[in-house]
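So this block is work_21.cif, mmCIF, C-alpha atoms:
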```
data_data
loop_
_atom_site.label_atom_id
_atom_site.label_comp_id
_atom_site.auth_asym_id
_atom_site.auth_seq_id
_atom_site.Cartn_x
_atom_site.Cartn_y
_atom_site.Cartn_z
CA MET O 1 -49.58 73.46 121.74
CA GLU O 2 -51.15 70.44 123.34
CA HIS O 3 -54.43 70.57 121.43
CA GLN O 4 -52.98 70.72 117.96
CA GLY O 5 -51.61 67.95 115.80
CA LEU O 6 -47.84 67.77 115.99
CA ASN O 7 -45.92 68.84 112.93
CA THR O 8 -42.64 67.20 111.98
CA THR O 9 -40.45 69.78 113.70
CA MET O 10 -42.37 69.67 116.98
CA ARG O 11 -42.43 65.88 116.89
CA ARG O 12 -38.64 65.80 116.53
CA ILE O 13 -38.16 68.23 119.41
CA LEU O 14 -40.44 66.21 121.71
CA LEU O 15 -38.74 63.00 120.58
CA LEU O 16 -35.33 64.45 121.46
CA ILE O 17 -36.56 65.58 124.90
CA ASN O 18 -38.07 62.18 125.64
CA CYS O 19 -34.92 60.42 124.43
CA LEU O 20 -32.86 62.49 126.87
CA ILE O 21 -35.25 61.66 129.72
CA LEU O 22 -35.10 57.98 128.75
CA ALA O 23 -31.30 58.15 128.68
CA VAL O 24 -31.23 59.31 132.31
CA GLY O 25 -33.51 56.44 133.31
CA ILE O 26 -31.96 53.59 131.36
CA CYS O 27 -28.39 54.59 132.27
CA GLY O 28 -29.04 55.48 135.89
CA GLY O 29 -31.75 52.97 136.83
CA PRO O 30 -29.68 49.75 136.63
CA LEU O 31 -26.75 51.45 138.37
CA MET O 32 -28.90 52.70 141.24
CA MET O 33 -30.46 49.28 141.64
CA ARG O 34 -27.06 47.61 141.67
CA LEU O 35 -25.77 50.18 144.17
CA TYR O 36 -28.62 49.25 146.49
CA TYR O 37 -27.68 45.55 146.37
CA VAL O 38 -23.90 46.03 146.48
CA GLU O 39 -24.03 48.23 149.56
CA GLY O 40 -26.15 45.87 151.61
CA GLY O 41 -29.73 46.04 150.29
CA SER O 42 -31.48 42.71 149.86
CA ARG O 43 -35.24 43.31 149.63
CA VAL O 44 -36.26 42.32 146.09
CA TRP O 45 -39.89 43.43 146.43
CA PHE O 46 -38.75 46.81 147.78
CA SER O 47 -36.33 47.22 144.88
CA SER O 48 -39.19 46.37 142.49
CA TRP O 49 -41.43 48.90 144.23
CA LEU O 50 -38.83 51.65 143.81
CA GLN O 51 -38.96 51.32 140.02
CA THR O 52 -42.46 52.79 139.80
CA ALA O 53 -42.99 54.43 143.21
CA GLY O 54 -42.14 57.82 141.71
CA TRP O 55 -45.48 57.98 139.88
CA PRO O 56 -46.72 60.98 141.95
CA LEU O 57 -44.02 63.07 140.24
CA THR O 58 -46.16 62.83 137.09
CA LEU O 59 -48.72 65.06 138.80
CA ILE O 60 -46.35 68.02 138.37
CA PRO O 61 -46.41 68.17 134.53
CA LEU O 62 -50.09 67.22 134.58
CA ALA O 63 -50.85 70.20 136.83
CA ILE O 64 -48.84 72.52 134.56
CA LEU O 65 -50.71 71.29 131.49
CA TYR O 66 -54.05 71.70 133.25
CA PHE O 67 -53.38 75.30 134.26
CA TYR O 68 -52.22 75.98 130.72
CA ARG O 69 -55.57 74.68 129.44
CA ARG O 70 -57.37 76.82 132.00
CA ILE O 71 -55.59 79.89 130.65
CA THR O 72 -56.28 79.10 126.98
CA GLU O 73 -59.75 77.54 127.32
CA GLY O 74 -61.14 78.99 130.52
CA SER O 75 -63.76 77.04 132.43
CA ASN O 76 -64.23 74.68 129.46
CA ALA O 77 -60.86 73.05 130.12
CA LYS O 78 -61.07 69.34 130.88
CA PHE O 79 -59.56 68.16 134.16
CA TYR O 80 -58.51 64.82 132.66
CA PHE O 81 -58.72 62.99 129.31
CA ILE O 82 -58.37 59.32 130.20
CA THR O 83 -61.51 57.25 129.62
CA PRO O 84 -62.63 54.18 131.64
CA ARG O 85 -61.64 51.95 128.73
CA ILE O 86 -58.11 53.36 128.54
CA PHE O 87 -57.84 53.38 132.33
CA ILE O 88 -58.60 49.65 132.56
CA ALA O 89 -56.16 48.81 129.75
CA SER O 90 -53.44 50.95 131.37
CA PHE O 91 -54.08 49.40 134.79
CA VAL O 92 -53.77 45.86 133.41
CA ILE O 93 -50.52 46.73 131.63
CA GLY O 94 -49.37 48.30 134.89
CA ILE O 95 -49.93 45.06 136.79
CA VAL O 96 -47.90 43.22 134.16
CA THR O 97 -45.22 45.89 134.53
CA GLY O 98 -45.16 45.18 138.26
CA VAL O 99 -44.51 41.51 137.53
CA ASP O 100 -41.76 42.53 135.12
CA ASP O 101 -40.23 44.81 137.76
CA PHE O 102 -40.04 41.91 140.22
CA LEU O 103 -38.41 39.60 137.66
CA TYR O 104 -35.88 42.28 136.74
CA SER O 105 -35.10 43.14 140.36
CA TRP O 106 -34.65 39.48 141.29
CA GLY O 107 -32.27 38.99 138.38
CA GLY O 108 -30.44 42.21 139.23
CA SER O 109 -29.84 40.99 142.77
CA LYS O 110 -27.89 38.01 141.43
CA LEU O 111 -26.20 39.40 138.31
CA PRO O 112 -23.59 42.12 137.66
CA VAL O 113 -24.60 45.22 135.71
CA SER O 114 -22.84 43.96 132.58
CA THR O 115 -25.24 41.03 132.37
CA SER O 116 -28.12 43.48 131.84
CA SER O 117 -26.86 43.54 128.25
CA LEU O 118 -28.54 40.20 127.68
CA LEU O 119 -31.76 41.61 129.09
CA LEU O 120 -31.63 44.60 126.77
CA ALA O 121 -30.66 42.50 123.77
CA ALA O 122 -33.56 40.13 124.28
CA GLN O 123 -35.92 43.02 125.03
CA LEU O 124 -35.17 44.65 121.68
CA ALA O 125 -35.75 41.41 119.80
CA PHE O 126 -39.04 40.76 121.61
CA THR O 127 -40.13 44.37 121.08
CA ALA O 128 -39.49 44.09 117.36
CA VAL O 129 -41.46 40.85 117.08
CA GLY O 130 -44.21 42.14 119.38
CA ALA O 131 -44.55 45.38 117.42
CA PHE O 132 -44.81 43.39 114.18
CA PHE O 133 -47.66 41.19 115.45
CA ILE O 134 -49.46 43.54 117.87
CA VAL O 135 -49.40 46.91 116.07
CA LYS O 136 -48.52 45.66 112.56
CA LEU O 137 -45.33 47.72 112.46
CA LYS O 138 -43.72 47.55 109.04
CA PHE O 139 -40.03 46.72 108.98
CA THR O 140 -37.62 48.54 106.69
CA PRO O 141 -34.12 47.36 105.72
CA TYR O 142 -32.74 50.04 108.02
CA SER O 143 -34.79 49.03 111.07
CA ILE O 144 -33.99 45.35 110.50
CA ASN O 145 -30.30 46.21 110.23
CA ALA O 146 -30.51 48.26 113.43
CA VAL O 147 -32.25 45.46 115.35
CA VAL O 148 -29.65 42.91 114.24
CA LEU O 149 -26.67 45.15 115.01
CA LEU O 150 -27.97 46.29 118.38
CA THR O 151 -28.90 42.77 119.39
CA VAL O 152 -25.52 41.33 118.40
CA GLY O 153 -23.74 44.19 120.13
CA ALA O 154 -25.71 43.75 123.33
CA VAL O 155 -25.19 39.97 123.34
CA LEU O 156 -21.45 40.50 122.96
CA LEU O 157 -21.51 42.56 126.13
CA GLY O 158 -23.00 39.63 127.98
CA VAL O 159 -20.61 36.99 126.63
CA ARG O 160 -18.15 37.41 129.47
CA SER O 161 -20.80 37.68 132.16
CA ASN O 162 -20.30 34.06 133.22
CA GLY O 163 -16.97 35.07 134.68
CA ASP O 164 -18.50 37.99 136.55
CA ARG O 165 -20.56 36.03 139.07
CA PRO O 166 -20.82 38.27 142.17
CA GLU O 167 -19.20 37.05 145.37
CA GLY O 168 -21.57 35.07 147.55
CA VAL O 169 -23.91 34.14 144.68
CA THR O 170 -24.15 30.42 144.00
CA SER O 171 -24.12 28.98 140.49
CA LYS O 172 -27.75 27.93 140.89
CA ALA O 173 -28.80 31.41 141.99
CA TYR O 174 -26.82 32.94 139.13
CA ILE O 175 -28.50 30.74 136.53
CA LEU O 176 -31.92 31.40 138.03
CA GLY O 177 -31.22 35.14 137.98
CA PHE O 178 -30.13 34.82 134.36
CA MET O 179 -33.40 33.10 133.43
CA MET O 180 -35.49 35.64 135.38
CA THR O 181 -33.72 38.42 133.50
CA LEU O 182 -34.51 36.88 130.13
CA LEU O 183 -38.13 36.36 131.16
CA ALA O 184 -38.33 40.02 132.19
CA ALA O 185 -36.93 40.96 128.78
CA ALA O 186 -39.58 38.92 127.00
CA LEU O 187 -42.36 40.41 129.11
CA TYR O 188 -41.24 44.01 128.59
CA GLY O 189 -40.82 43.35 124.89
CA VAL O 190 -44.59 42.70 124.82
CA ILE O 191 -45.48 45.61 127.12
CA LEU O 192 -44.06 48.28 124.79
CA PRO O 193 -46.19 47.34 121.74
CA CYS O 194 -49.24 47.03 124.02
CA ILE O 195 -48.75 50.67 125.07
CA GLU O 196 -48.59 51.65 121.42
CA LEU O 197 -51.75 49.63 120.81
CA ILE O 198 -53.57 51.72 123.44
CA TYR O 199 -52.71 54.82 121.42
CA LEU O 200 -53.91 53.28 118.18
CA LYS O 201 -57.20 51.99 119.64
CA ALA O 202 -57.95 54.97 121.89
CA LYS O 203 -60.68 56.42 119.62
CA GLN O 204 -59.68 59.89 120.78
CA ALA O 205 -56.86 62.35 120.30
CA ILE O 206 -53.57 61.35 121.91
CA THR O 207 -52.24 64.41 123.69
CA ALA O 208 -49.37 64.96 126.09
CA THR O 209 -51.86 65.01 128.98
CA LEU O 210 -53.37 61.66 128.03
CA VAL O 211 -49.93 60.11 127.60
CA LEU O 212 -48.90 61.22 131.08
CA GLU O 213 -52.19 59.98 132.53
CA ILE O 214 -51.66 56.55 130.96
CA GLN O 215 -48.12 56.44 132.31
CA MET O 216 -49.27 57.47 135.80
CA VAL O 217 -51.98 54.79 135.92
CA MET O 218 -49.52 52.13 134.76
CA CYS O 219 -46.93 53.05 137.38
CA PHE O 220 -49.60 53.31 140.09
CA ALA O 221 -50.86 49.80 139.26
CA ALA O 222 -47.31 48.42 139.22
CA THR O 223 -46.56 50.09 142.55
CA ALA O 224 -49.76 48.70 144.09
CA PHE O 225 -48.81 45.20 142.91
CA CYS O 226 -45.32 45.49 144.40
CA THR O 227 -46.75 46.97 147.62
CA VAL O 228 -48.78 43.80 148.13
CA GLY O 229 -45.59 41.79 147.61
CA MET O 230 -43.77 43.95 150.17
CA ILE O 231 -46.52 43.44 152.74
CA VAL O 232 -46.56 39.68 152.26
CA ASN O 233 -42.77 39.52 152.45
CA ASN O 234 -42.59 41.86 155.48
CA ASP O 235 -40.34 44.27 153.58
CA ILE O 236 -41.96 47.33 155.16
CA LYS O 237 -40.92 46.25 158.66
CA ALA O 238 -37.44 45.30 157.46
CA ILE O 239 -36.62 48.64 155.78
CA PRO O 240 -35.56 50.56 158.98
CA ARG O 241 -33.33 47.67 160.02
CA GLU O 242 -31.82 47.42 156.54
CA ALA O 243 -31.16 51.17 156.50
CA LYS O 244 -29.14 50.94 159.74
CA GLN O 245 -27.05 48.08 158.32
CA PHE O 246 -26.46 49.80 154.94
CA ILE O 247 -22.72 50.04 154.26
CA LEU O 248 -22.89 53.68 153.15
CA GLY O 249 -24.86 54.67 156.24
CA GLU O 250 -28.52 55.15 157.12
CA ALA O 251 -28.82 58.68 155.66
CA ARG O 252 -27.33 57.64 152.33
CA TYR O 253 -29.60 54.60 152.27
CA TYR O 254 -32.64 56.84 152.07
CA THR O 255 -30.82 59.10 149.60
CA VAL O 256 -30.27 56.08 147.33
CA VAL O 257 -33.92 55.11 147.72
CA VAL O 258 -35.22 58.57 146.76
CA TRP O 259 -32.94 58.99 143.77
CA THR O 260 -33.71 55.47 142.59
CA THR O 261 -37.42 56.32 142.38
CA ILE O 262 -36.68 59.57 140.51
CA VAL O 263 -34.31 57.98 138.01
CA TRP O 264 -36.61 55.03 137.27
CA GLN O 265 -39.52 57.45 136.78
CA CYS O 266 -37.44 59.16 134.10
CA PHE O 267 -37.18 55.77 132.40
CA PHE O 268 -40.94 55.16 132.31
CA VAL O 269 -41.80 58.72 131.27
CA GLY O 270 -39.13 58.57 128.55
CA VAL O 271 -40.32 55.20 127.24
CA ILE O 272 -43.95 56.17 126.93
CA GLY O 273 -42.96 59.55 125.46
CA VAL O 274 -40.79 57.98 122.78
CA ILE O 275 -43.63 55.61 121.85
CA TYR O 276 -45.95 58.65 121.62
CA CYS O 277 -43.56 60.54 119.33
CA SER O 278 -42.38 57.54 117.30
CA SER O 279 -43.03 53.84 117.98
CA SER O 280 -42.48 51.01 120.45
CA LEU O 281 -39.60 49.75 118.30
CA MET O 282 -37.94 53.15 118.61
CA SER O 283 -38.14 52.80 122.40
CA GLY O 284 -36.49 49.41 122.13
CA VAL O 285 -33.75 50.80 119.90
CA MET O 286 -33.08 53.69 122.30
CA ILE O 287 -32.85 51.33 125.27
CA ALA O 288 -30.37 49.14 123.38
CA VAL O 289 -28.26 51.98 122.01
CA LEU O 290 -27.85 53.45 125.51
CA LEU O 291 -26.53 50.12 126.76
CA PRO O 292 -22.85 50.98 126.09
CA VAL O 293 -23.23 54.13 128.18
CA THR O 294 -24.53 52.02 131.06
CA GLU O 295 -21.59 49.67 130.60
CA VAL O 296 -19.07 52.52 130.72
CA LEU O 297 -20.71 53.90 133.86
CA ALA O 298 -20.58 50.42 135.42
CA VAL O 299 -16.85 50.30 134.69
CA VAL O 300 -16.36 53.71 136.32
CA PHE O 301 -18.51 53.22 139.43
CA PHE O 302 -18.31 49.46 140.05
CA ARG O 303 -14.84 48.79 138.63
CA GLU O 304 -16.10 46.26 136.08
CA ASN O 305 -13.69 45.26 133.33
CA PHE O 306 -14.09 46.86 129.89
CA SER O 307 -13.15 44.03 127.56
CA GLY O 308 -12.63 43.95 123.81
CA GLU O 309 -16.13 42.55 123.43
CA LYS O 310 -17.53 45.66 125.08
CA GLY O 311 -15.59 47.91 122.72
CA LEU O 312 -16.91 46.01 119.71
CA ALA O 313 -20.42 46.14 121.11
CA LEU O 314 -20.13 49.91 121.46
CA PHE O 315 -19.22 50.18 117.77
CA LEU O 316 -22.09 47.91 116.68
CA SER O 317 -24.59 49.78 118.86
CA LEU O 318 -23.61 53.15 117.41
CA TRP O 319 -23.76 51.68 113.91
CA GLY O 320 -27.26 50.35 114.56
CA PHE O 321 -28.33 53.68 116.03
CA VAL O 322 -27.18 55.59 112.94
CA SER O 323 -28.82 53.01 110.67
CA TYR O 324 -32.19 53.33 112.39
CA PHE O 325 -32.22 57.12 112.34
CA TYR O 326 -31.10 57.27 108.73
CA GLY O 327 -34.10 55.07 107.89
CA GLU O 328 -36.34 57.38 109.95
CA PHE O 329 -34.95 60.39 108.08
CA ARG O 330 -35.71 58.81 104.71
CA GLN O 331 -39.21 57.85 105.86
CA THR O 332 -39.87 61.40 107.06
CA LYS O 333 -38.82 62.80 103.68
CA LYS O 334 -41.30 60.48 101.98
CA GLN O 335 -44.07 61.55 104.36
CA ASN O 336 -43.34 65.22 103.68
CA LYS O 337 -43.98 64.60 99.99
CA SER O 338 -47.43 63.12 100.72
CA PRO O 339 -50.56 65.15 101.67
CA LYS O 340 -50.70 63.73 105.23
CA THR O 341 -47.60 63.98 107.38
CA GLU O 342 -49.05 63.37 110.82
CA MET O 343 -48.74 60.06 112.61
CA THR O 344 -51.88 58.07 113.32
CA THR O 345 -51.12 58.17 117.03
CA MET O 346 -51.16 61.97 117.12
CA PRO O 347 -54.38 63.31 115.57
CA SER O 348 -55.75 66.76 116.32
CA GLU O 349 -57.62 66.88 119.58
CA SER O 350 -61.28 67.82 119.64
CA VAL O 351 -62.77 68.62 123.01
#
```

Please lay out the structure from this file as structure tokens.
Amino acid sequence: MEHQGLNTTMRRILLLINCLILAVGICGGPLMMRLYYVEGGSRVWFSSWLQTAGWPLTLIPLAILYFYRRITEGSNAKFYFITPRIFIASFVIGIVTGVDDFLYSWGGSKLPVSTSSLLLAAQLAFTAVGAFFIVKLKFTPYSINAVVLLTVGAVLLGVRSNGDRPEGVTSKAYILGFMMTLLAAALYGVILPCIELIYLKAKQAITATLVLEIQMVMCFAATAFCTVGMIVNNDIKAIPREAKQFILGEARYYTVVVWTTIVWQCFFVGVIGVIYCSSSLMSGVMIAVLLPVTEVLAVVFFRENFSGEKGLALFLSLWGFVSYFYGEFRQTKKQNKSPKTEMTTMPSESV
């Protein structure tokens, strides 16, 4: 139930669900974005906008949770839980997310999908460091081992990216896209711990409703930021013309656009859900461990080469994934032996 503290079993179930949602987003998002560019799309601000434009979809689970509260609590049910303080913090993080979306989209327009490995590798490292300083996350030998293995594995996937420069992209544009991608990684590595910090400093119970409200405000702010960029860059006027020139056809252009928004929304919902059920570092680990899946899908759909480095990276990523979860399992057993087993980010809700 939403209003009760989550026990270990429920937390694991919710974590699994959010991991699956995140998997859809992190595996499908980069591929959809690359499909847009490969088939004739060229509007970077529009591509950035698509990453968070699906925020209205969050209203569906919010409505379901509200009606559930109406049934269980009657007229005393709250319509929303977000406070002005949390709203402002979420909105600011959302603006930063919009900046990150632009950096990532610009880099994605110049780089092949395989080069996203460097983005994910750097993002995990920055998330680990950010979580250590921002939310005082304690490292264990298992989490350190996972970070190292996943980072090395992801970097290996990007080693051969220099030979994968897309046709028509100059060396200067490629290098600039590479730097933009790394900057986006650094920025998102800070965003994840900041979301966790909101939970820790909320001074109220963190429920599923509040988590979804925070996520919706963040994506709304990011979308508003990118909308301004689209207006300034005249992207809105250019979209109909771009749709007619799309290689796959005008109808499929809009199909790609719609599914891109849905898939990226899965990413953001999954990320914030994993942070809610575990930690920002866990989100970083999940993003990194799903990297090989993205690489395999890139090989299948975009005919990218699957080199020996990619095979080794797959092994290291799976090793890191197992290491992290083994550490989590040991930590959970220790918590079960202590009087308090609930996480500080999930106290019982009092309304």

Need to verify the contact set: O:Thr140, 12 Å, only C-alpha atoms, exclusion of same-chain residues closer than 5 positions in sequence. Can you return it as a ChimeraX atom specification? /O:128,132,145-147,281,323-328,330-331

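Excluding O:Val152 and any residue on its chain fewer than 4 positions from it, the residues at most 8 Å away by all atoms listed in the file are Ala121, Val148, Leu156, Ala313 and Leu316 of chain O.
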
Measuring between all atoms listed in the file, which one of O:Lys244, O:Ser171, O:Glu295, O:Leu59 shows the shortest distance to O:Gln215?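 Among the listed residues, O:Leu59 lies closest to O:Gln215.
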
If I take atom CA of O:Val232 and atom CA of O:Trp259, how far is one from the other in Å, to one decimal? 25.1 Å

Kindly provide the residues of stretch 99-199 of chain O that approach stretch 79-93 of chain O to within 8 Å, each paired with its closest atom pair and their distance in Å to one decimal, based on only C-alpha atoms, listed by chain and increasing number, as CSV.
```
residue,atom,partner,partner_atom,distance
O:Ile191,CA,O:Ile93,CA,6.9
O:Cys194,CA,O:Ile93,CA,7.7
O:Ile195,CA,O:Ile93,CA,7.9
O:Ile198,CA,O:Ile86,CA,7.0
```

Hey, which of O:Leu65, O:Ala77, O:Val274, O:Leu248 ends up closest to O:Glu196? Count all atoms listed in the file. O:Val274

Between atom CA of O:Ala185 and atom CA of O:Leu20, distance in Å (one decimal):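 Computing the Euclidean distance for atom CA of O:Ala185 and atom CA of O:Leu20 yields 22.0 Å.
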
Can you list, as a PyMOL selection string, the residues that the PyMOL selection byres ((chain O and resi 283-292) around 8) selects here? chain O and resi 19+22-23+26-27+117+120-121+123-124+127-128+146-147+150-151+154+189+192+271+274-275+279-282+293-296+310+313-314+317-318+320-321

My list of candidates is O:Arg43, O:Thr58, O:Trp49, O:Met32. Which is closest to O:Glu213 when distances are computed with all atoms listed in the file?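 Selected residue with least distance to O:Glu213: O:Thr58.
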
Selected residue, from O:Phe102, O:Tyr174, O:Tyr254, O:Phe67, that lies nearest to O:Gly41 when counting all atoms listed in the file: O:Tyr254

Quick one: which residues end up in the PyMOL selection byres ((chain O and resi 36) around 9) for this structure, as a PyMOL selection string? chain O and resi 31-35+37-42+47+246+253+256-257+260

Writing out the chosen residues with C-alpha atoms as an mmCIF file, in the frame of the given file:
```cif
data_model
loop_
_atom_site.group_PDB
_atom_site.id
_atom_site.type_symbol
_atom_site.label_atom_id
_atom_site.label_comp_id
_atom_site.auth_asym_id
_atom_site.auth_seq_id
_atom_site.Cartn_x
_atom_site.Cartn_y
_atom_site.Cartn_z
ATOM 1 C CA LEU O 31 -26.750 51.450 138.370
ATOM 2 C CA MET O 32 -28.900 52.700 141.240
ATOM 3 C CA MET O 33 -30.460 49.280 141.640
ATOM 4 C CA ARG O 34 -27.060 47.610 141.670
ATOM 5 C CA LEU O 35 -25.770 50.180 144.170
ATOM 6 C CA TYR O 37 -27.680 45.550 146.370
ATOM 7 C CA VAL O 38 -23.900 46.030 146.480
ATOM 8 C CA GLU O 39 -24.030 48.230 149.560
ATOM 9 C CA GLY O 40 -26.150 45.870 151.610
ATOM 10 C CA GLY O 41 -29.730 46.040 150.290
ATOM 11 C CA SER O 42 -31.480 42.710 149.860
ATOM 12 C CA SER O 47 -36.330 47.220 144.880
ATOM 13 C CA PHE O 246 -26.460 49.800 154.940
ATOM 14 C CA TYR O 253 -29.600 54.600 152.270
ATOM 15 C CA VAL O 256 -30.270 56.080 147.330
ATOM 16 C CA VAL O 257 -33.920 55.110 147.720
ATOM 17 C CA THR O 260 -33.710 55.470 142.590
#
```

Report as a list in words the residues that result from applying the PyMOL selection byres ((chain O and resi 268) around 10) to the structure here.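 That selection, the PyMOL selection byres ((chain O and resi 268) around 10), comes back as Ile21, Leu22, Gly25, Ile26, Gln51, Thr52, Gly54, Trp55, Gln215, Met216, Met218, Cys219, Val263, Trp264, Gln265, Cys266, Phe267, Val269, Gly270, Val271, Ile272, Gly273 and Val274 of chain O.
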
Of the candidates O:Tyr66, O:Phe126, O:Phe225, O:Trp106, which one gets nearest to O:Ile175 if we count only C-alpha atoms?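 Among the listed residues, the smallest separation from O:Ile175 belongs to O:Trp106.
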
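Atom CA of O:Ala221 is found 8.3 Å from atom CA of O:Thr97.
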
For each of O:Gly177, O:Gly98, O:Gly130, O:Gly28, take the minimum atom-to-atom distance to O:Pro112, counting only C-alpha atoms, then give the residue where this is smallest.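 Distance minimum relative to O:Pro112 lands on O:Gly177.
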
N, CA, C and O atoms modelled onto stretch 314-329 of chain O, as an mmCIF file, in the frame of the given file:
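This went into rebuild-v5.cif:
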```
data_model
loop_
_atom_site.group_PDB
_atom_site.id
_atom_site.type_symbol
_atom_site.label_atom_id
_atom_site.label_comp_id
_atom_site.auth_asym_id
_atom_site.auth_seq_id
_atom_site.Cartn_x
_atom_site.Cartn_y
_atom_site.Cartn_z
ATOM 1 N N LEU O 314 -19.898 48.469 121.552
ATOM 2 C CA LEU O 314 -20.130 49.910 121.460
ATOM 3 C C LEU O 314 -20.174 50.348 120.003
ATOM 4 O O LEU O 314 -21.054 51.118 119.594
ATOM 5 N N PHE O 315 -19.246 49.841 119.200
ATOM 6 C CA PHE O 315 -19.220 50.180 117.770
ATOM 7 C C PHE O 315 -20.482 49.701 117.069
ATOM 8 O O PHE O 315 -21.106 50.446 116.294
ATOM 9 N N LEU O 316 -20.898 48.459 117.325
ATOM 10 C CA LEU O 316 -22.090 47.910 116.680
ATOM 11 C C LEU O 316 -23.350 48.671 117.102
ATOM 12 O O LEU O 316 -24.250 48.905 116.285
ATOM 13 N N SER O 317 -23.421 49.054 118.370
ATOM 14 C CA SER O 317 -24.590 49.780 118.860
ATOM 15 C C SER O 317 -24.711 51.143 118.192
ATOM 16 O O SER O 317 -25.795 51.563 117.780
ATOM 17 N N LEU O 318 -23.586 51.847 118.076
ATOM 18 C CA LEU O 318 -23.610 53.150 117.410
ATOM 19 C C LEU O 318 -23.953 53.013 115.936
ATOM 20 O O LEU O 318 -24.675 53.835 115.369
ATOM 21 N N TRP O 319 -23.449 51.956 115.315
ATOM 22 C CA TRP O 319 -23.760 51.680 113.910
ATOM 23 C C TRP O 319 -25.266 51.438 113.744
ATOM 24 O O TRP O 319 -25.908 51.982 112.842
ATOM 25 N N GLY O 320 -25.819 50.633 114.622
ATOM 26 C CA GLY O 320 -27.260 50.350 114.560
ATOM 27 C C GLY O 320 -28.084 51.601 114.804
ATOM 28 O O GLY O 320 -29.123 51.815 114.156
ATOM 29 N N PHE O 321 -27.629 52.434 115.729
ATOM 30 C CA PHE O 321 -28.330 53.680 116.030
ATOM 31 C C PHE O 321 -28.379 54.589 114.811
ATOM 32 O O PHE O 321 -29.443 55.133 114.455
ATOM 33 N N VAL O 322 -27.249 54.757 114.150
ATOM 34 C CA VAL O 322 -27.180 55.590 112.940
ATOM 35 C C VAL O 322 -28.048 54.997 111.832
ATOM 36 O O VAL O 322 -28.757 55.725 111.123
ATOM 37 N N SER O 323 -28.024 53.674 111.698
ATOM 38 C CA SER O 323 -28.820 53.010 110.670
ATOM 39 C C SER O 323 -30.307 53.265 110.869
ATOM 40 O O SER O 323 -31.034 53.593 109.918
ATOM 41 N N TYR O 324 -30.763 53.142 112.115
ATOM 42 C CA TYR O 324 -32.190 53.330 112.390
ATOM 43 C C TYR O 324 -32.619 54.767 112.091
ATOM 44 O O TYR O 324 -33.647 55.004 111.449
ATOM 45 N N PHE O 325 -31.821 55.736 112.531
ATOM 46 C CA PHE O 325 -32.220 57.120 112.340
ATOM 47 C C PHE O 325 -32.088 57.574 110.891
ATOM 48 O O PHE O 325 -32.819 58.461 110.444
ATOM 49 N N TYR O 326 -31.174 56.963 110.160
ATOM 50 C CA TYR O 326 -31.100 57.270 108.730
ATOM 51 C C TYR O 326 -32.372 56.779 108.036
ATOM 52 O O TYR O 326 -32.939 57.466 107.178
ATOM 53 N N GLY O 327 -32.846 55.585 108.437
ATOM 54 C CA GLY O 327 -34.100 55.070 107.890
ATOM 55 C C GLY O 327 -35.274 55.957 108.254
ATOM 56 O O GLY O 327 -36.163 56.208 107.437
ATOM 57 N N GLU O 328 -35.289 56.474 109.518
ATOM 58 C CA GLU O 328 -36.340 57.380 109.950
ATOM 59 C C GLU O 328 -36.309 58.676 109.142
ATOM 60 O O GLU O 328 -37.357 59.235 108.777
ATOM 61 N N PHE O 329 -35.108 59.157 108.859
ATOM 62 C CA PHE O 329 -34.950 60.390 108.080
ATOM 63 C C PHE O 329 -35.504 60.214 106.667
ATOM 64 O O PHE O 329 -36.226 61.074 106.151
#
```
